[in-house]
Each structure stands twice: as structure tokens, then as C-alpha cells.
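Visitor: Before we start, here is the structure in question, set down as C-alpha cells.
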Amino acid sequence: MFETDLARIKELARQKEKRNWAFRTHLKGCDIKPGKIDAIVRRLHAEVSSKIDCRTCGNCCRELSAALEAPDIKRMAKAEHLTPAEFEQKYLDKTDEPGKFVVRQKPCPFLSGNVCRHYDIRPKSCAEFPFLHKRDFTTRSIMVLWNLPLCPIVYNVYEFLKQEVRHIELLRRVARGDI
Ligand code: SF4
Ligand code: SF4
């Protein structure tokens, strides 16, 4: 069932935690090629995202720390009428990776209601979250499971992915004459 209620997703994710981790292990060892899994996830991501308006949610902006690099800082600083150095001092913490910063405060100070005040120029990592369009889903699936309890897109994509993989494996068993 398609789920968008944040509290219910959090609770369902808790209830399904063991099964979801077991599915991740299954996915890494199954005989469906990683490229095919990526293609399924990309399609599911497009389908699910078309039904969820992030501008009515904003939960990742409340629960996670946005990551910024120099071009993001330049744009965001200009929008805040600050120099990049002033912006960094006011809002950011350095990370261990050179040139990478995270927003110090949670929820993010640029969140207004459920929408980023600088939505059209938001940092690249914010625009790309939850990264389900990227390659190598199976090797990045730990991050996916971390994000699942807080993001309706991730939660629903993972639910549909479980169904599709079960269906593919059932058809393969039938084709082999195993059942
Ligand atoms: S910068 Fe904008 S999009 Fe990114 S976390 Fe903050 S409010 Fe959300
Ligand atoms: S990416 Fe997920 S958590 Fe973030 S606003 Fe969109 S649906 Fe909500």
C-alpha cells in the first residue's frame, strides 16, 4: 500500500526493520544482475516521486544535515546576502573531507514550513536526495535503509522493490520447472 504519513512510515519501518535488512542481504546475493536492479529502482523512483510532492514533506530537511560544497555555498551565501566566508561561519561545519561542509543546525535553518527558502538553488545533495537514481543500488543499500524510516519516497520504493524481486524470482522458478 502506498504510504505517505510520516509517523506511520516511521512505525512501519521499525516493524519491518529485520525483514528489510534481510531483503538487503538477499538482494546482494541473488542472481538478478545489479544493472537490472538499478533499472527497476530508477523506474520505481520516478513512479513514486511523481506521486509525492517533496514541498509538502521536507522531512529530510528536518532530520538530516545537508551537505554543501563550494558552488552550493556560493549560491546559498548570495541568496542570504552574505559572503561565502560569512555563510560558512554562520551555518556550516567542516567535515573530514576537504571542501565538504554540513549544515550545523537541525532542522535546517533554511526550511520554512515544509519547503526550502532557497528551493530553486538548493544544494546539489539536497536536490539529489534520496539518491535512488544513482547506480549501484545494492552496494549503497545501507544508506537507503538509514533513510527509509524518514523518507516516504525511499519507504515506498523499497516496498515495491521487494514485491518486484519476489515476482521476478517466482517467474524464474516457474520457468525452471522448480514449481
Ligand atoms: S538547504 Fe534547503 S533543501 Fe537543503 S536541507 Fe536545508 S532546507 Fe532542505
Ligand atoms: S526526499 Fe523524502 S524526506 Fe525529503 S522531502 Fe522528499 S519525500 Fe520528504
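Just remember, in the C-alpha cells the first chain shown is A, the second B, etc., residues are 1-based per chain, and ligands are 1-based in the order shown.
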Taking 5 positions as the minimum chain separation for residues in the same chain, which residues sit within 12 Å of Lys33 in chain A when counting only C-alpha atoms? Answer as a list in words.

Guide: Leu27, Lys28, Asp38, Ala39, Ile40, Asp136, Phe137, Thr138, Val165 and Ile168 of chain A

Visitor: Do a neighbour search on Lys106 in chain A at 9 Å with only C-alpha atoms, toss out local chain neighbours closer than 3 positions, and write the hits as an mmCIF file with C-alpha atoms, in the first residue's frame.

Guide:
data_model
loop_
_atom_site.group_PDB
_atom_site.id
_atom_site.type_symbol
_atom_site.label_atom_id
_atom_site.label_comp_id
_atom_site.auth_asym_id
_atom_site.auth_seq_id
_atom_site.Cartn_x
_atom_site.Cartn_y
_atom_site.Cartn_z
ATOM 1 C CA CYS A 61 15.456 18.851 5.886
ATOM 2 C CA ARG A 62 14.284 18.316 9.471
ATOM 3 C CA GLU A 63 16.040 15.021 10.164
ATOM 4 C CA LEU A 64 19.318 15.149 8.222
ATOM 5 C CA SER A 65 22.202 17.589 7.845
ATOM 6 C CA VAL A 103 24.707 22.468 7.863
ATOM 7 C CA PRO A 109 17.725 26.828 9.152
#

Visitor: Of the residues A:Ala70, A:Cys151, A:Leu161, A:Ala7, which is the one nearest to ligand 2, using only C-alpha atoms and all ligand atoms?

Guide: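 Ranked by minimum distance to ligand 2, first place goes to A:Cys151.
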
Visitor: For a test of reading the model, state the distance in Å between CA of Met76 in chain A and atom 3 (S, counted along the ligand's line) of ligand 2, rounded to one decimal.

Guide: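 So the answer is 20.7 Å.
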
Visitor: Show me which residues sit within 6 Å of ligand 2 when counting only C-alpha atoms and all ligand atoms, and put them as a VMD selection string.

Guide: chain A and resid 54 57 to 60 129 to 130 150 to 153

Visitor: Tell me, as a VMD selection string, which residues lie within 10 Å of Asn20 in chain A, counting only C-alpha atoms; anything in the same chain fewer than 5 positions away does not count.

Guide: chain A and resid 13 to 15 25 to 26 145 148 158 to 159 162

Visitor: Any chance you could tabulate, as CSV, the residues of chain A at most 7 Å from ligand 1 with each one's nearest atom pair and distance in Å to one decimal, using only C-alpha atoms and all ligand atoms, in chain and rising number order?

Guide:
residue,atom,partner,partner_atom_place_in_ligand_line,distance
A:Gly58,CA,ligand 1,8 (Fe),6.6
A:Cys60,CA,ligand 1,5 (S),6.6
A:Cys61,CA,ligand 1,5 (S),3.9
A:Ser65,CA,ligand 1,5 (S),6.4
A:Ala66,CA,ligand 1,5 (S),4.7
A:Cys108,CA,ligand 1,6 (Fe),4.5
A:Pro109,CA,ligand 1,6 (Fe),6.5
A:Phe110,CA,ligand 1,7 (S),4.4
A:Leu111,CA,ligand 1,7 (S),3.9
A:Val115,CA,ligand 1,7 (S),6.5
A:Cys116,CA,ligand 1,7 (S),3.9
A:Arg117,CA,ligand 1,2 (Fe),6.5
A:His118,CA,ligand 1,2 (Fe),6.0
A:Tyr119,CA,ligand 1,2 (Fe),5.9
A:Arg122,CA,ligand 1,3 (S),5.3
A:Pro123,CA,ligand 1,4 (Fe),5.9
A:Cys126,CA,ligand 1,4 (Fe),4.6
A:Ala127,CA,ligand 1,3 (S),6.8

Visitor: Write a file of the just-selected residues containing C-alpha atoms, as an mmCIF file, in the first residue's frame.

Guide:
data_model
loop_
_atom_site.group_PDB
_atom_site.id
_atom_site.type_symbol
_atom_site.label_atom_id
_atom_site.label_comp_id
_atom_site.auth_asym_id
_atom_site.auth_seq_id
_atom_site.Cartn_x
_atom_site.Cartn_y
_atom_site.Cartn_z
ATOM 1 C CA GLY A 58 10.505 18.469 3.996
ATOM 2 C CA CYS A 60 14.844 15.138 5.184
ATOM 3 C CA CYS A 61 15.456 18.851 5.886
ATOM 4 C CA SER A 65 22.202 17.589 7.845
ATOM 5 C CA ALA A 66 22.538 18.906 4.321
ATOM 6 C CA CYS A 108 17.895 23.023 8.584
ATOM 7 C CA PRO A 109 17.725 26.828 9.152
ATOM 8 C CA PHE A 110 16.652 27.350 5.540
ATOM 9 C CA LEU A 111 13.485 25.315 5.974
ATOM 10 C CA VAL A 115 9.869 23.985 1.921
ATOM 11 C CA CYS A 116 13.427 25.191 1.485
ATOM 12 C CA ARG A 117 13.569 29.005 1.336
ATOM 13 C CA HIS A 118 16.074 28.568 -1.492
ATOM 14 C CA TYR A 119 14.398 25.591 -3.144
ATOM 15 C CA ARG A 122 19.209 24.344 -3.067
ATOM 16 C CA PRO A 123 22.462 22.396 -2.608
ATOM 17 C CA CYS A 126 19.536 18.192 -1.325
ATOM 18 C CA ALA A 127 18.236 18.156 -4.903
#

Visitor: Which polymer residues have any atom within 10 Å of an atom of range 83-85 of chain A, counting only C-alpha atoms, with same-chain residues fewer than 4 positions away left out, as a ChimeraX atom specification?

Guide: /A:70-79,89-90,92

Visitor: Output the selection as a compact mmCIF listing (two decimals), in the first residue's frame - C-alpha atoms for each residue.

Guide:
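See selection.txt below for the written result:
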# COMPACT_ATOMS: atom_id res chain seq x y z
CA ALA A 70 31.86 25.35 -2.80
CA PRO A 71 29.34 26.00 -5.63
CA ASP A 72 26.43 25.38 -3.22
CA ILE A 73 27.96 27.73 -0.65
CA LYS A 74 28.46 30.44 -3.25
CA ARG A 75 24.81 30.29 -4.37
CA MET A 76 23.31 29.98 -0.90
CA ALA A 77 25.53 32.76 0.53
CA LYS A 78 24.47 35.12 -2.24
CA ALA A 79 20.80 34.32 -1.55
CA GLN A 89 30.89 30.77 9.79
CA LYS A 90 27.19 31.29 10.47
CA LEU A 92 28.29 25.31 8.42

Visitor: Name the closest residue to Asp31 in chain A among the candidates A:Pro149, A:Ala46, A:Arg172, A:Asn114; distances are taken between atoms, counting only C-alpha atoms.

Guide: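 For Asp31 in chain A, the nearest of the candidates is A:Arg172.
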